[in-house]
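To keep things clear, I will list the structure first and then write my remarks on it.
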Amino acid sequence: MSLTIATWNINSVRFRIDIVERLLMHHAPDVLCLQETKVMDDAFPHAIFADHGYHYSVINGQRMHHGVATLSKIPLIEDNRHDWQDNGEARHVGARLPNGLRIENVYVPAGGDTPDATVNPKFGQKLAFVERMTRWSESLSDDTVIVGDFNIAPLECDVWNHKALLDVVSHTPVEVAALAALQQSHDWVDLGRHFVPPPERLFTWWSYRAADWRLSDRGRRLDHIWASPAAARAATAFEVLEDARDWGKPSDHVPQIATFDL
DNA sequence: ATGGCTGGTAGAACCAGA
């Protein structure tokens, strides 16, 4: 059976519900993991997803900021949810499919402006978040997919200019090292780079501030789909929907979709 | 020329994103 899993930082699921529907109609992933839903659970637009056949969901929302949601066309049950900062922010929800596959939907903190925890506490919180994820990741079973906005672009070819971004939060060596430790903790396979090997350019985010995002192409690969080794062996395809950056009222992130033959 | 923008919320000379 073929299974498709999409992930997308939507930057408000209510404001961008039209382009969410566009993804559902034209790409119809079996499972859609959203980050930055920016909505309380009691105001989540469940009816619109149900109209498109997405009758199952696990959501972890909060007021104003952050928030994650996993929507599905096939039965889905909540597995767990973690608050790795222990500050009440909604940045993770886990789910399990009938075949046992676990889908972990994560929104790693952005980390603020300055890559120095002594003057910018948010940067230290980001590193601590990833370290606590690493301890958790070690205990997961080998039938897991972890997706989301990790807010770290690890490789030189994951950013538009490696040298220019070495001191910019999202691509600093200490963040890249923390992400590498997380990846090693469960032998996670980075499906983006499994299907699009370095040094090919691969981005999932472009700033709203560019006059012409496609012309300047100052992108970063901040969003990821990782699979445990057994799940990765079932992966058959991977796609970044770069054109979604031009859809009406776009998110600054674009969706990516992985296909598995399970 | 890495902030030139953006949404949510309040009703900002705001916050957060990255």
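Residue numbering restarts at 1 in every chain; chains get A, B, ... in the order shown in the structure tokens, and ligands count up from 1 in that same order.
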Exercise. As a VMD selection string, list the residues of stretch 32-235 of chain A assigned to alpha helix (DSSP H) by DSSP on the backbone atoms of this structure.
Key: chain A and resid 46 to 51 121 to 137 162 to 165 173 to 184 191 to 195 213 to 216 229 to 233
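The list of chain A residues within 8 Å of chain B is Asn11, Ser12, Phe15, Lys38, Met64, His65, Ala110, Gly111, Gly112, Asp113, Asn151, Val169, Ser170, Ser207, Tyr208, Arg209, Ala210 and Ala211 of chain A; this uses only C-alpha atoms (C1' of nucleotides).
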Quiz item: Near A:Val174, within 12 Å and counting only C-alpha atoms (C1' of nucleotides), which residues show up once chain neighbours fewer than 4 positions away are dropped, as a VMD selection string?
Solution: chain A and resid 115 to 117 123 to 124 126 to 128 130 to 131 152 to 154 166 to 170 178 to 181
Export, as a compact mmCIF listing (two decimals), in the first residue's frame, the selected residues with all heavy atoms.
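Full text of part_25.txt as output:
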```txt
# COMPACT_ATOMS: atom_id res chain seq x y z
N PRO A 115 22.98 34.50 17.65
CA PRO A 115 23.38 33.13 17.99
C PRO A 115 24.30 33.06 19.20
O PRO A 115 25.40 32.51 19.12
CB PRO A 115 24.07 32.66 16.70
CG PRO A 115 24.66 33.90 16.13
CD PRO A 115 23.69 35.01 16.45
N ASP A 116 23.83 33.61 20.31
CA ASP A 116 24.63 33.65 21.55
C ASP A 116 23.66 33.56 22.72
O ASP A 116 22.91 34.50 22.99
CB ASP A 116 25.42 34.96 21.60
CG ASP A 116 26.26 35.07 22.86
OD1 ASP A 116 26.05 34.29 23.82
OD2 ASP A 116 27.14 35.96 22.90
N ALA A 117 23.68 32.41 23.40
CA ALA A 117 22.69 32.16 24.46
C ALA A 117 22.85 33.11 25.64
O ALA A 117 21.90 33.31 26.40
CB ALA A 117 22.82 30.71 24.94
N PHE A 123 18.02 31.46 21.91
CA PHE A 123 18.98 30.60 21.20
C PHE A 123 19.33 29.38 22.08
O PHE A 123 19.38 28.25 21.59
CB PHE A 123 20.23 31.38 20.83
CG PHE A 123 21.15 30.64 19.89
CD1 PHE A 123 20.76 30.40 18.59
CD2 PHE A 123 22.38 30.18 20.33
CE1 PHE A 123 21.60 29.70 17.72
CE2 PHE A 123 23.21 29.48 19.47
CZ PHE A 123 22.83 29.25 18.16
N GLY A 124 19.54 29.63 23.36
CA GLY A 124 19.80 28.52 24.28
C GLY A 124 18.61 27.58 24.38
O GLY A 124 18.77 26.36 24.46
N LYS A 126 16.46 26.97 22.06
CA LYS A 126 16.41 26.17 20.83
C LYS A 126 17.37 24.98 20.93
O LYS A 126 17.00 23.85 20.62
CB LYS A 126 16.78 27.04 19.62
CG LYS A 126 16.80 26.31 18.29
CD LYS A 126 17.20 27.25 17.16
CE LYS A 126 16.92 26.65 15.79
NZ LYS A 126 17.22 27.62 14.70
N LEU A 127 18.60 25.25 21.38
CA LEU A 127 19.58 24.16 21.50
C LEU A 127 19.12 23.13 22.54
O LEU A 127 19.25 21.92 22.32
CB LEU A 127 20.95 24.73 21.89
CG LEU A 127 21.59 25.65 20.85
CD1 LEU A 127 22.89 26.24 21.39
CD2 LEU A 127 21.85 24.90 19.54
N ALA A 128 18.55 23.59 23.65
CA ALA A 128 18.06 22.67 24.68
C ALA A 128 16.90 21.84 24.16
O ALA A 128 16.78 20.65 24.48
CB ALA A 128 17.64 23.46 25.92
N VAL A 130 16.42 20.85 21.08
CA VAL A 130 16.95 19.79 20.20
C VAL A 130 17.66 18.72 21.03
O VAL A 130 17.56 17.52 20.73
CB VAL A 130 17.88 20.41 19.14
CG1 VAL A 130 18.54 19.32 18.30
CG2 VAL A 130 17.10 21.36 18.23
N GLU A 131 18.35 19.12 22.10
CA GLU A 131 19.03 18.13 22.93
C GLU A 131 18.02 17.23 23.64
O GLU A 131 18.22 16.02 23.76
CB GLU A 131 19.92 18.84 23.95
CG GLU A 131 21.17 19.43 23.30
CD GLU A 131 21.91 20.42 24.21
OE1 GLU A 131 21.54 20.53 25.39
OE2 GLU A 131 22.83 21.10 23.70
N ILE A 152 16.53 24.50 11.21
CA ILE A 152 17.98 24.39 11.02
C ILE A 152 18.21 23.86 9.61
O ILE A 152 17.59 22.87 9.20
CB ILE A 152 18.62 23.44 12.05
CG1 ILE A 152 18.41 23.97 13.48
CG2 ILE A 152 20.12 23.26 11.77
CD1 ILE A 152 18.85 23.00 14.58
N ALA A 153 19.11 24.53 8.90
CA ALA A 153 19.51 24.12 7.55
C ALA A 153 20.92 23.55 7.68
O ALA A 153 21.88 24.30 7.83
CB ALA A 153 19.49 25.30 6.60
N PRO A 154 21.08 22.21 7.64
CA PRO A 154 22.37 21.63 8.05
C PRO A 154 23.50 21.72 7.03
O PRO A 154 24.65 21.90 7.43
CB PRO A 154 22.01 20.17 8.36
CG PRO A 154 20.76 19.90 7.59
CD PRO A 154 20.01 21.19 7.51
N LEU A 166 26.85 31.61 8.14
CA LEU A 166 27.49 30.88 9.24
C LEU A 166 27.19 31.50 10.59
O LEU A 166 27.21 30.82 11.62
CB LEU A 166 29.02 30.84 9.02
CG LEU A 166 29.50 29.73 8.11
CD1 LEU A 166 30.99 29.91 7.81
CD2 LEU A 166 29.23 28.37 8.74
N ASP A 167 26.91 32.80 10.62
CA ASP A 167 26.61 33.49 11.88
C ASP A 167 25.14 33.89 11.97
O ASP A 167 24.76 34.73 12.78
CB ASP A 167 27.51 34.73 12.01
CG ASP A 167 27.61 35.21 13.44
OD1 ASP A 167 27.59 34.35 14.35
OD2 ASP A 167 27.68 36.44 13.66
N VAL A 168 24.33 33.29 11.13
CA VAL A 168 22.90 33.58 11.12
C VAL A 168 22.15 32.40 11.72
O VAL A 168 22.36 31.25 11.30
CB VAL A 168 22.40 33.87 9.69
CG1 VAL A 168 20.88 34.00 9.66
CG2 VAL A 168 23.07 35.13 9.14
N VAL A 169 21.30 32.69 12.71
CA VAL A 169 20.56 31.62 13.38
C VAL A 169 19.79 30.82 12.33
O VAL A 169 19.07 31.39 11.49
CB VAL A 169 19.60 32.21 14.43
CG1 VAL A 169 18.71 31.12 15.02
CG2 VAL A 169 20.39 32.91 15.54
N SER A 170 19.98 29.50 12.37
CA SER A 170 19.43 28.48 11.47
C SER A 170 20.55 27.72 10.77
O SER A 170 20.34 26.59 10.30
CB SER A 170 18.47 29.02 10.40
OG SER A 170 19.17 29.74 9.39
N ALA A 178 24.09 20.22 16.80
CA ALA A 178 22.97 19.70 17.60
C ALA A 178 22.04 18.85 16.74
O ALA A 178 21.55 17.80 17.17
CB ALA A 178 22.21 20.86 18.24
N LEU A 179 21.79 19.30 15.52
CA LEU A 179 20.91 18.54 14.63
C LEU A 179 21.57 17.22 14.22
O LEU A 179 20.89 16.19 14.11
CB LEU A 179 20.56 19.38 13.39
CG LEU A 179 19.43 18.81 12.53
CD1 LEU A 179 18.10 18.86 13.27
CD2 LEU A 179 19.33 19.55 11.21
N ALA A 180 22.90 17.26 14.03
CA ALA A 180 23.61 16.03 13.67
C ALA A 180 23.53 15.01 14.81
O ALA A 180 23.37 13.81 14.57
CB ALA A 180 25.07 16.36 13.35
N ALA A 181 23.61 15.49 16.05
CA ALA A 181 23.50 14.58 17.20
C ALA A 181 22.11 13.96 17.25
O ALA A 181 21.94 12.77 17.55
CB ALA A 181 23.82 15.33 18.49
```
Practice problem: Tell me, in Å to one decimal, how far atom CA of A:Asn161 is from atom CA of A:Asp246. | Solution: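 Computing it gives 22.3 Å between the two atoms.
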Practice problem: Give the answer as one residue: which of A:Val13, A:Ala6, A:Val93, A:Met25 has the shortest atom-to-atom distance to A:Val68, using only C-alpha atoms? | Solution: A:Val93
Quiz item: Could you name the residues that touch A:Asn105 at 9 Å or less, counting only C-alpha atoms (C1' of nucleotides), but leaving out those on the same chain fewer than 3 positions away, as a PyMOL selection string?
Solution: chain A and resi 7+33-35+68-70+91-95+145-149
Exercise. Check the DSSP output for the backbone and give back, as an NGL selection string, the residues of stretch 52-140 of chain A in strand (DSSP E or B).
Key: :A and (56-60 or 68-72 or 77-80 or 92-96 or 102-107)
Output of the above residues as a compact mmCIF listing (two decimals), in the first residue's frame, restricted to C-alpha atoms:
```
# COMPACT_ATOMS: atom_id res chain seq x y z
CA TYR A 56 -8.91 12.06 11.40
CA SER A 57 -6.68 14.46 13.26
CA VAL A 58 -4.47 15.01 16.26
CA ILE A 59 -3.91 18.66 17.10
CA ASN A 60 -1.90 20.62 19.64
CA VAL A 68 0.90 21.80 15.25
CA ALA A 69 -1.77 19.65 13.63
CA THR A 70 -1.69 16.27 11.88
CA LEU A 71 -4.64 15.61 9.54
CA SER A 72 -5.31 12.25 7.90
CA ILE A 77 -4.74 7.96 16.96
CA GLU A 78 -2.78 10.28 19.20
CA ASP A 79 0.35 8.66 20.53
CA ASN A 80 1.96 11.31 22.70
CA HIS A 92 4.85 18.60 18.99
CA VAL A 93 2.16 16.01 18.48
CA GLY A 94 2.67 12.34 17.78
CA ALA A 95 0.30 9.91 16.08
CA ARG A 96 0.11 6.28 15.13
CA ARG A 102 4.41 6.55 14.10
CA ILE A 103 4.31 10.07 12.69
CA GLU A 104 5.97 12.73 14.85
CA ASN A 105 5.14 16.33 13.91
CA VAL A 106 7.61 18.88 15.32
CA TYR A 107 8.06 22.65 15.28
```
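Excluding A:Cys157 itself and any same-chain residue fewer than 4 positions from it, the protein and nucleic acid residues within 8 Å of it, counting only C-alpha atoms (C1' of nucleotides), are His162, Pro198, Pro199, Glu200, Arg201 and Leu202 of chain A.
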Once you have the residues from the selection above, write them out as a PDB file, in the first residue's frame, restricted to C-alpha atoms.
```pdb
ATOM      1  CA  HIS A 162      26.950  29.114   3.279  1.00  0.00           C
ATOM      2  CA  PRO A 198      24.323  17.150  -2.184  1.00  0.00           C
ATOM      3  CA  PRO A 199      25.496  19.391  -3.700  1.00  0.00           C
ATOM      4  CA  GLU A 200      22.153  20.003  -5.402  1.00  0.00           C
ATOM      5  CA  ARG A 201      20.328  23.072  -4.157  1.00  0.00           C
ATOM      6  CA  LEU A 202      17.233  22.218  -2.069  1.00  0.00           C
TER       7      LEU A 202
END
```
